[in-house]
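> Here it is, the structure, as structure tokens.
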Amino acid sequence: MKQKVVVFSQIHPEIQAKLEQQYDVMYIQPKLGDVNQQILQYVKDADAMIGAGRLLNRNNLATATKLKIISSVSVGHDNYDLEYLNEQKIYLSNTPHVLTETTADLAFTLLMSAARKVTYLDQWTKQGQWQRTVGEAQFGMDIYGKTLGMIGLGHIGAAIARRGFYGFNMNVLYHNRREKLELAQGLNAEYCDLKSLLQRSDFVVVAVDLNADSKALIGAEELALMQSHAVFVNISRGSVVDEQALIQALKNRQIFAAGLDVYQKEPLQESELFKLDNVVTLPHVGSATAQTRKRMAELAYQNVVDTLEGRMPRYVINPQFQ
Ligand code: 8YV
């Protein structure tokens with residue numbers, strides 16, 4: 001009798017095929033109706049779940065009596081009710097490291113696109129607005145040699161800081177739950193409090209995990225500390241930022257521009273952000289390259305195999321069911 005695995009989001013086809021060879025695989029398919037009802041039905045005798053981008057908690061996992069692991073194809077794991085998984089002794093695993101550089105590339109893409117008005121000017125040009133030499137309305141902000149303020153200096157935050165320091169000769173400030181002396185030394189980075197970072201930075205990049213400390217970390221008060229020429233980038237989680245406050249700050253030209261890859265509600269379907277010419281909005285694509293998503297899926301697959309073969313998964317979040 002094959003063990004049962006529930007796939008709750010799209011994963012790389014090669015990994016899908018490997019799962020189907022080894023296990024009895026069921027797919028959660030939104031087009032078939034209520035996803036939570038599908039999850040409740042399929043997890044009844046499931047041994048493992050693999051996927052990303054879906055809230056899994058004590059409500060939609062209530063029927064999971066045999067579940068041994070939720071293998072998330074992501075580095076962030078705020079979608080999962082960890083307290084419940086610990087109660088039920090269900091491993092939660094993730095896929096760190098393989099997406100670090102790809103996500104940092106995307107963060108810097110957002111920084112540069114927002115700084116130089118790339119998306120606005122692309123549309124402006126394509127609409128035939130380019131009638132004469134560009135003027136101040138088309139001017140962007142310099143990046144080279146400017147001050148980069150990192151909110152969060154984990155693996156991804158450090159990779160972003162390296163791009164600024166080595167690639168653009170930027171002066172790096174950082175705010176983190178604790179100082180990262182060794183890492184900061186290599187980047188000549190200065191640890192500072194959040195207020196000082198927001199006041200001094202030309203570019204503010206949010207790269208924190210979503211947790212009790214970082215939820216709603218950036219609101220109207222924090223945005224008001226930023227300089228009017230400053231650019232704000234968020235590649236962490238939407239809930240780290242008060243989105244309405246950011247919209248107001250952009251509308252009022254309190255800051256120069258923003259580059260966003262995450263939002264309080266995803267997918268972002270209707271938003272005042274769509275009407276603004278000083279924000280770049282991307283659809284949560286930080287790790288979204290074919291190569292990186294395949295490597296993430298490979299790690300997630302191995303976490304499932306290890307668990308179902310009785311070994312501790314390599315990237316487990318709750319190794320001893322704290
Ligand atoms: C995931 C991410 O693809 O890894 C993460 O935490 O945010 C992305 O790489 C996303 O979470 C999937 O919904």
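Residue names in the structure tokens use chain letters A, B, ... in the order shown, residue numbers from 1 in each chain, and ligand numbers from 1 in the order shown.
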With a cut-off of 8 Å, could you pull out the residues of chain A touching ligand 1 and give me the nearest pair of atoms for each, distance in Å to one decimal, using only C-alpha atoms and all ligand atoms, ordered by chain and ascending number, as a Markdown table?

| residue | atom | partner | partner_atom_place_in_ligand_line | distance |
| --- | --- | --- | --- | --- |
| A:Ala52 | CA | ligand 1 | 12 (C) | 4.9 |
| A:Gly53 | CA | ligand 1 | 13 (O) | 3.4 |
| A:Arg54 | CA | ligand 1 | 13 (O) | 7.2 |
| A:Val73 | CA | ligand 1 | 3 (O) | 6.5 |
| A:Ser74 | CA | ligand 1 | 4 (O) | 3.2 |
| A:Val75 | CA | ligand 1 | 4 (O) | 3.8 |
| A:Gly76 | CA | ligand 1 | 6 (O) | 3.4 |
| A:His77 | CA | ligand 1 | 6 (O) | 6.6 |
| A:Thr95 | CA | ligand 1 | 4 (O) | 7.2 |
| A:Pro96 | CA | ligand 1 | 4 (O) | 7.5 |
| A:Leu99 | CA | ligand 1 | 9 (O) | 6.9 |
| A:Thr103 | CA | ligand 1 | 9 (O) | 7.5 |
| A:Ser236 | CA | ligand 1 | 7 (O) | 7.2 |
| A:Arg237 | CA | ligand 1 | 7 (O) | 7.4 |
| A:His284 | CA | ligand 1 | 7 (O) | 6.7 |
| A:Val285 | CA | ligand 1 | 8 (C) | 7.0 |
| A:Gly286 | CA | ligand 1 | 9 (O) | 5.8 |
| A:Ser287 | CA | ligand 1 | 9 (O) | 4.4 |
| A:Ala288 | CA | ligand 1 | 3 (O) | 6.6 |
| A:Arg293 | CA | ligand 1 | 3 (O) | 7.5 |
> Name all residues at most 6 Å from region 112-121 of chain A (count only C-alpha atoms; drop same-chain ones fewer than 4 positions away) and give them as a count of residues only.
7
> Considering only C-alpha atoms, can you say which of A:Lys44, A:Lys68, A:Lys275, A:Lys31 comes closest to Glu309 (chain A)?
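When distances to Glu309 (chain A) are compared using only C-alpha atoms, the smallest one comes from A:Lys68.
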> When you count only C-alpha atoms, which of these residues is closest to Ala107 (chain A): A:Asp142, A:Asp261, A:Glu83, A:Asp78?
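Result for the nearest residue to Ala107 (chain A): A:Asp261.
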> Looking only at the backbone, which of the residues in region 93-159 of chain A does DSSP tag as strand (DSSP E), as a list in words?
Ser93, Thr147, Leu148, Gly149, Met150 and Ile151 of chain A
> Output C-alpha atoms for every residue in the selection just made, as a compact mmCIF listing (two decimals), in the first residue's frame.

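Generated file (result_27.txt):
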# COMPACT_ATOMS: atom_id res chain seq x y z
CA SER A 93 9.94 21.87 6.69
CA THR A 147 22.68 54.86 1.50
CA LEU A 148 20.94 51.48 1.61
CA GLY A 149 18.96 50.73 4.77
CA MET A 150 18.29 47.00 5.26
CA ILE A 151 15.43 46.10 7.60
> What's around Leu299 (chain A) at 12 Å? Count only C-alpha atoms, leave out sequence neighbours fewer than 5 positions away in its own chain, and write the answer as a list in words.
Ile11, His12, Ile15, Ile50, Gly51, Ser71, Ser72, Val73, Ser74, Val75, Ser93, Asn94, Thr95, Pro96, His97, Val98, Leu99, Thr292, Arg293, Lys294, Val304, Val305, Asp306, Pro313, Arg314, Tyr315 and Val316 of chain A
> Export N, CA and C atoms of the chosen residues as a short mmCIF file (atom, residue, chain, number, x, y, z; two decimals), in the first residue's frame?

data_model
loop_
_atom_site.label_atom_id
_atom_site.label_comp_id
_atom_site.auth_asym_id
_atom_site.auth_seq_id
_atom_site.Cartn_x
_atom_site.Cartn_y
_atom_site.Cartn_z
N ILE A 11 3.81 22.39 -8.35
CA ILE A 11 5.24 22.16 -8.10
C ILE A 11 5.87 21.67 -9.40
N HIS A 12 7.20 21.73 -9.45
CA HIS A 12 7.91 21.39 -10.69
C HIS A 12 7.47 20.02 -11.22
N ILE A 15 9.37 16.90 -10.28
CA ILE A 15 9.21 16.48 -8.88
C ILE A 15 7.84 15.81 -8.70
N ILE A 50 2.74 18.63 0.44
CA ILE A 50 3.84 19.41 -0.16
C ILE A 50 3.23 20.51 -1.01
N GLY A 51 3.79 21.73 -0.89
CA GLY A 51 3.29 22.86 -1.68
C GLY A 51 3.65 24.17 -1.00
N SER A 71 5.60 19.79 3.96
CA SER A 71 6.86 20.20 3.32
C SER A 71 6.58 21.43 2.45
N SER A 72 6.95 22.61 2.98
CA SER A 72 6.64 23.85 2.28
C SER A 72 7.71 24.15 1.22
N VAL A 73 7.25 24.49 0.02
CA VAL A 73 8.18 24.89 -1.05
C VAL A 73 8.36 26.40 -0.94
N SER A 74 8.99 26.80 0.13
CA SER A 74 9.18 28.23 0.44
C SER A 74 10.19 28.34 1.58
N VAL A 75 10.72 29.54 1.76
CA VAL A 75 11.57 29.72 2.95
C VAL A 75 10.73 30.30 4.09
N SER A 93 8.60 21.62 7.27
CA SER A 93 9.94 21.87 6.69
C SER A 93 9.84 22.95 5.62
N ASN A 94 11.00 23.56 5.31
CA ASN A 94 11.01 24.60 4.27
C ASN A 94 12.19 24.41 3.33
N THR A 95 12.43 25.41 2.47
CA THR A 95 13.48 25.24 1.43
C THR A 95 14.39 26.47 1.41
N PRO A 96 15.21 26.67 2.43
CA PRO A 96 16.06 27.86 2.51
C PRO A 96 17.27 27.77 1.58
N HIS A 97 18.03 28.83 1.49
CA HIS A 97 19.33 28.93 0.82
C HIS A 97 19.25 28.89 -0.70
N VAL A 98 18.56 27.92 -1.28
CA VAL A 98 18.58 27.80 -2.75
C VAL A 98 17.90 29.00 -3.42
N LEU A 99 17.10 29.75 -2.69
CA LEU A 99 16.40 30.89 -3.30
C LEU A 99 17.01 32.25 -2.91
N THR A 292 15.35 28.08 -9.87
CA THR A 292 15.24 28.16 -8.40
C THR A 292 14.04 27.39 -7.89
N ARG A 293 12.87 27.54 -8.56
CA ARG A 293 11.70 26.82 -8.10
C ARG A 293 11.90 25.30 -8.20
N LYS A 294 12.71 24.86 -9.20
CA LYS A 294 12.98 23.42 -9.31
C LYS A 294 13.85 22.99 -8.12
N VAL A 304 10.08 15.34 2.24
CA VAL A 304 8.99 14.35 2.32
C VAL A 304 9.57 12.94 2.40
N VAL A 305 10.48 12.63 1.50
CA VAL A 305 11.05 11.27 1.44
C VAL A 305 11.73 10.92 2.76
N ASP A 306 12.55 11.85 3.26
CA ASP A 306 13.26 11.58 4.52
C ASP A 306 12.26 11.24 5.63
N PRO A 313 13.70 15.30 8.54
CA PRO A 313 13.91 16.07 7.32
C PRO A 313 14.99 17.13 7.53
N ARG A 314 15.78 17.40 6.48
CA ARG A 314 16.97 18.27 6.61
C ARG A 314 16.59 19.67 7.06
N TYR A 315 15.57 20.27 6.46
CA TYR A 315 15.24 21.67 6.78
C TYR A 315 13.93 21.71 7.57
N VAL A 316 13.98 21.14 8.75
CA VAL A 316 12.77 21.07 9.57
C VAL A 316 12.71 22.30 10.49
#
> Just the number, please: distance in Å from CA of Ser214 (chain A) to CA of Leu260 (chain A), one decimal.
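Separating CA of Ser214 (chain A) from CA of Leu260 (chain A) is a distance of 16.8 Å.
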> Can you measure CA of Gly164 (chain A) to CA of Thr109 (chain A) for me? One decimal in Å is fine.
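So the two atoms, CA of Gly164 (chain A) and CA of Thr109 (chain A), lie 11.6 Å apart.
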> Between A:Pro13, A:Gly145, A:Gly238, A:Pro283, which one has atoms that come closest to Gln269 (chain A), using only C-alpha atoms?
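Answer, going by the shortest atom-to-atom distance: A:Pro283.
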> Using only C-alpha atoms for the distances, tell me which of A:Lys265, A:Asn211, A:Asn36, A:Ile218 is nearest to Leu82 (chain A).
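Result for the nearest residue to Leu82 (chain A): A:Asn211.
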> Grab the CA of Gln16 (chain A) to CA of Gln302 (chain A) distance for me, in Å with one decimal place.
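CA of Gln302 (chain A) lies at a distance of 12.3 Å from CA of Gln16 (chain A).
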> Give me the residues within 8 Å of Tyr174 (chain A) as a PyMOL selection string, counting only C-alpha atoms and dropping any in the same chain fewer than 3 places off.
chain A and resi 149-153+189-192+197
> Convert the current residue selection to file output with N, CA, C and O atoms, as a compact mmCIF listing (two decimals), in the first residue's frame.

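Contents of part28.txt, freshly written:
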# COMPACT_ATOMS: atom_id res chain seq x y z
N GLY A 149 19.37 51.15 3.42
CA GLY A 149 18.96 50.73 4.77
C GLY A 149 18.24 49.40 4.71
O GLY A 149 17.14 49.31 4.15
N MET A 150 18.86 48.35 5.27
CA MET A 150 18.29 47.00 5.26
C MET A 150 17.52 46.78 6.55
O MET A 150 18.09 46.82 7.64
N ILE A 151 16.21 46.52 6.42
CA ILE A 151 15.43 46.10 7.60
C ILE A 151 15.37 44.58 7.52
O ILE A 151 14.60 44.00 6.75
N GLY A 152 16.23 43.94 8.30
CA GLY A 152 16.39 42.49 8.24
C GLY A 152 17.68 42.13 7.53
O GLY A 152 17.85 42.47 6.36
N LEU A 153 18.59 41.48 8.27
CA LEU A 153 19.87 41.09 7.63
C LEU A 153 20.07 39.59 7.83
O LEU A 153 21.04 39.13 8.40
N ALA A 189 28.91 47.58 7.18
CA ALA A 189 27.52 47.97 7.48
C ALA A 189 27.40 48.45 8.93
O ALA A 189 28.01 47.89 9.83
N GLU A 190 26.59 49.48 9.10
CA GLU A 190 26.38 50.07 10.43
C GLU A 190 25.05 49.64 11.01
O GLU A 190 24.01 49.81 10.37
N TYR A 191 25.05 49.04 12.20
CA TYR A 191 23.80 48.67 12.87
C TYR A 191 23.18 49.94 13.44
O TYR A 191 23.87 50.75 14.06
N CYS A 192 21.87 50.12 13.19
CA CYS A 192 21.23 51.29 13.81
C CYS A 192 19.78 50.97 14.15
O CYS A 192 19.23 49.97 13.68
N LEU A 197 17.56 54.48 10.84
CA LEU A 197 17.68 53.89 9.49
C LEU A 197 16.70 54.56 8.53
O LEU A 197 17.05 54.97 7.42
> Determine which residues of region 61-186 of chain A DSSP labels as alpha helix (DSSP H) from the backbone of this structure, then write them out as a VMD selection string.
chain A and resid 82 to 87 100 to 115 118 to 126 155 to 162 168 181 to 186
> At a cut-off of 7 Å, using only C-alpha atoms, what residues contact Val43 (chain A)? Leave out same-chain residues fewer than 5 positions from it and give the result as a ChimeraX atom specification.
/A:6,61,63-64
> Residues at most 7 Å from Ile69 (chain A), counting only C-alpha atoms, excluding those fewer than 4 positions away in the same chain, as a list of chain:residue names?
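Within the cut-off, the hits are A:Ala48, A:Met49, A:Ile90, A:Tyr91, A:Leu92, A:Val304, A:Thr307.
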> Which residue out of A:Gln38, A:Asn171, A:Thr133, A:Gln244 has the minimum interatomic distance to Ala184 (chain A) when only C-alpha atoms are used?
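Of A:Gln38, A:Asn171, A:Thr133, A:Gln244, the one nearest Ala184 (chain A), counting only C-alpha atoms, is A:Asn171.
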> Set the distance at 8 Å and use only C-alpha atoms: which residues neighbour Gly154 (chain A) once local chain neighbours fewer than 4 positions away are removed? I'd like the list as number ranges by chain.
A: 158, 207-208
> Restricting the calculation to only C-alpha atoms, which member of A:Leu19, A:Leu85, A:Ala62, A:Met226 is positioned closest to Pro319 (chain A)?
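Among the listed residues, the smallest separation from Pro319 (chain A) belongs to A:Leu85.
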